[in-house]
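This report refers to the structure that appears directly beneath it.
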Amino acid sequence: MNKKTVIIISTILIGAAALVYIAVTFQWAEIWKVLRQADLPVFLAGSSLAVIFYWLLRSFRWAILIKNNGIEIPFIKVYFYTVLSAGFSIITPFQSGEAFKIELLHKYGGRRATGYADFILERWLDLIVVLILAFISLTAGFNLGVSLWIFYALIFGFILSSIAAVSFIILARGAKIEFLRGWLIDKWNRKGMIFGLFLLTLASWSVVATGWQIALRSLSINLDFIQSAALLSLTTLIGILSFVPGGVGVSEISVTTILTKAGYDSVLAQSGAIAVRGFTVLIVFLAVLHLFLLKIHNIYKRQYKSAEELFK
């Protein structure tokens, strides 16, 4: 049995076990009572604004990388591709499905290799920000009974892995490595741009933390921003380590555990986990809505071109 098969089987088992656990242990009748009292307008309006603002920030980040490659693409197209790739990437581990937007770069003459290298840079920045948010949140007094040494180990492992990857690119030989070395040197010479990308990444994750904060507040779970950032970052890290697409089941257990340790009773904590899952479902719904709008736009555009040809 190869490594890939082992990972797939392990992921399925972890996801299935998590779903069975929440199906059996969650107090669904009591949760339904709490959800019926939720402030739905606050949830829908606040969460939707957070999601759209998040997509805009991710679009700006991708647009900067595209421009750095010497390619001109209308921002509206960058936005729609970002929405569709980011929206539907929810069902993939660590949102890896977002790589779909690389096809836009290729369509406009960009190299897929460059697109994937830039995508890895984005994921690297995402992981840096998640680790920073987790570390700051836990050191700021949001005590969950989690040892800081775990995060020291994660940060150390991340730094070590980054150094190893860079060292390999610098020292190894081969055509593909030469390309990566050139790409790495280019990014090293554009430190200002990388810092700007980092700020956009930090802002985008902060917006998601605010979105979670709003979603939970609709159930009268009043977390401050630091607490919401801690919840988001810790749940994200657990989801990454589980490899379960979308963290289905795993995220619910994580959110419930964290909220319970933060002092909320089990029913409210479980309801909060469902609200956070509702935030994820809303992301997919808004992505579908954007897809529908894009289809309408494309149909209108084709009809307009046909009408122009008739009058020529």
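Going through the structure tokens in order, the chains are called A, B, and so on, while each chain numbers its residues from 1 and the ligands are numbered from 1 in the order shown.
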
Do you know which residues are at most 9 Å from Phe225 of chain A counting only C-alpha atoms, after dropping those on the same chain fewer than 2 positions away, and could you put them as a list in words?
Ser206, Ala209, Thr210, Gln213, Leu223, Gln227, Ser228, Ala229 and Ala230 of chain A

Under the rule of at most 6 Å, produce a per-residue listing of segment 200-309 of chain A near segment 40-63 of chain A: chain, number, name, the closest pair of atoms, and the distance in Å, as a Markdown table, using only C-alpha atoms.
| residue | atom | partner | partner_atom | distance |
| --- | --- | --- | --- | --- |
| A:Ser204 | CA | A:Tyr54 | CA | 5.1 |
| A:Val207 | CA | A:Ala50 | CA | 5.9 |
| A:Gly211 | CA | A:Ser47 | CA | 5.1 |
| A:Ala215 | CA | A:Phe43 | CA | 5.0 |
| A:Ser218 | CA | A:Phe43 | CA | 5.6 |

Please identify all polymer residues within 10 Å of Ser254 of chain A, counting only C-alpha atoms, omitting same-chain residues fewer than 4 positions from it, and present them as a PyMOL selection string.
chain A and resi 231-232+234-236+238-239+247+249-250+258-260+270+273

Emit the selected residues as a PDB file, in the first residue's frame, including C-alpha atoms.
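Result written to part_38.pdb:
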ATOM      1  CA  LEU A 231     -10.802  29.759  17.671  1.00  0.00           C
ATOM      2  CA  LEU A 232     -10.236  30.199  13.926  1.00  0.00           C
ATOM      3  CA  LEU A 234      -6.625  26.521  16.266  1.00  0.00           C
ATOM      4  CA  THR A 235      -9.524  24.966  14.351  1.00  0.00           C
ATOM      5  CA  THR A 236      -7.702  25.595  11.059  1.00  0.00           C
ATOM      6  CA  ILE A 238      -6.437  20.929  13.568  1.00  0.00           C
ATOM      7  CA  GLY A 239      -8.219  20.727  10.211  1.00  0.00           C
ATOM      8  CA  GLY A 247     -12.642  19.753   8.289  1.00  0.00           C
ATOM      9  CA  GLY A 249     -16.765  16.712  11.694  1.00  0.00           C
ATOM     10  CA  VAL A 250     -13.270  17.583  12.894  1.00  0.00           C
ATOM     11  CA  ILE A 258     -12.527  25.208  22.510  1.00  0.00           C
ATOM     12  CA  LEU A 259     -15.792  26.991  23.375  1.00  0.00           C
ATOM     13  CA  THR A 260     -16.419  24.565  26.258  1.00  0.00           C
ATOM     14  CA  GLN A 270     -22.206  22.677  20.091  1.00  0.00           C
ATOM     15  CA  ALA A 273     -19.957  24.742  16.078  1.00  0.00           C
TER      16      ALA A 273
END

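Once Ala117 of chain A and its same-chain neighbours fewer than 4 positions away are set aside, Ala113, Leu121, Leu180 and Trp183 of chain A remain within 8 Å of it when counting only C-alpha atoms.
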
The selected residues should be written to file as a PDB file, in the first residue's frame (atoms: C-alpha atoms).
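Written out: again.pdb:
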ATOM      1  CA  ALA A 113       4.672  26.304 -13.269  1.00  0.00           C
ATOM      2  CA  LEU A 121       3.761  31.078  -1.792  1.00  0.00           C
ATOM      3  CA  LEU A 180      12.371  27.438  -9.004  1.00  0.00           C
ATOM      4  CA  TRP A 183      11.484  32.255  -9.156  1.00  0.00           C
TER       5      TRP A 183
END

Give one line per residue of segment 58-80 of chain A that approaches segment 184-192 of chain A to at most 12 Å, naming the two atoms of the closest pair and their distance in Å to one decimal, counting only C-alpha atoms; sort by chain then ascending residue number and deliver it as CSV.
residue,atom,partner,partner_atom,distance
A:Ile64,CA,A:Arg190,CA,11.7
A:Leu65,CA,A:Lys187,CA,10.1
A:Asn68,CA,A:Arg190,CA,9.4
A:Asn69,CA,A:Asp186,CA,10.2
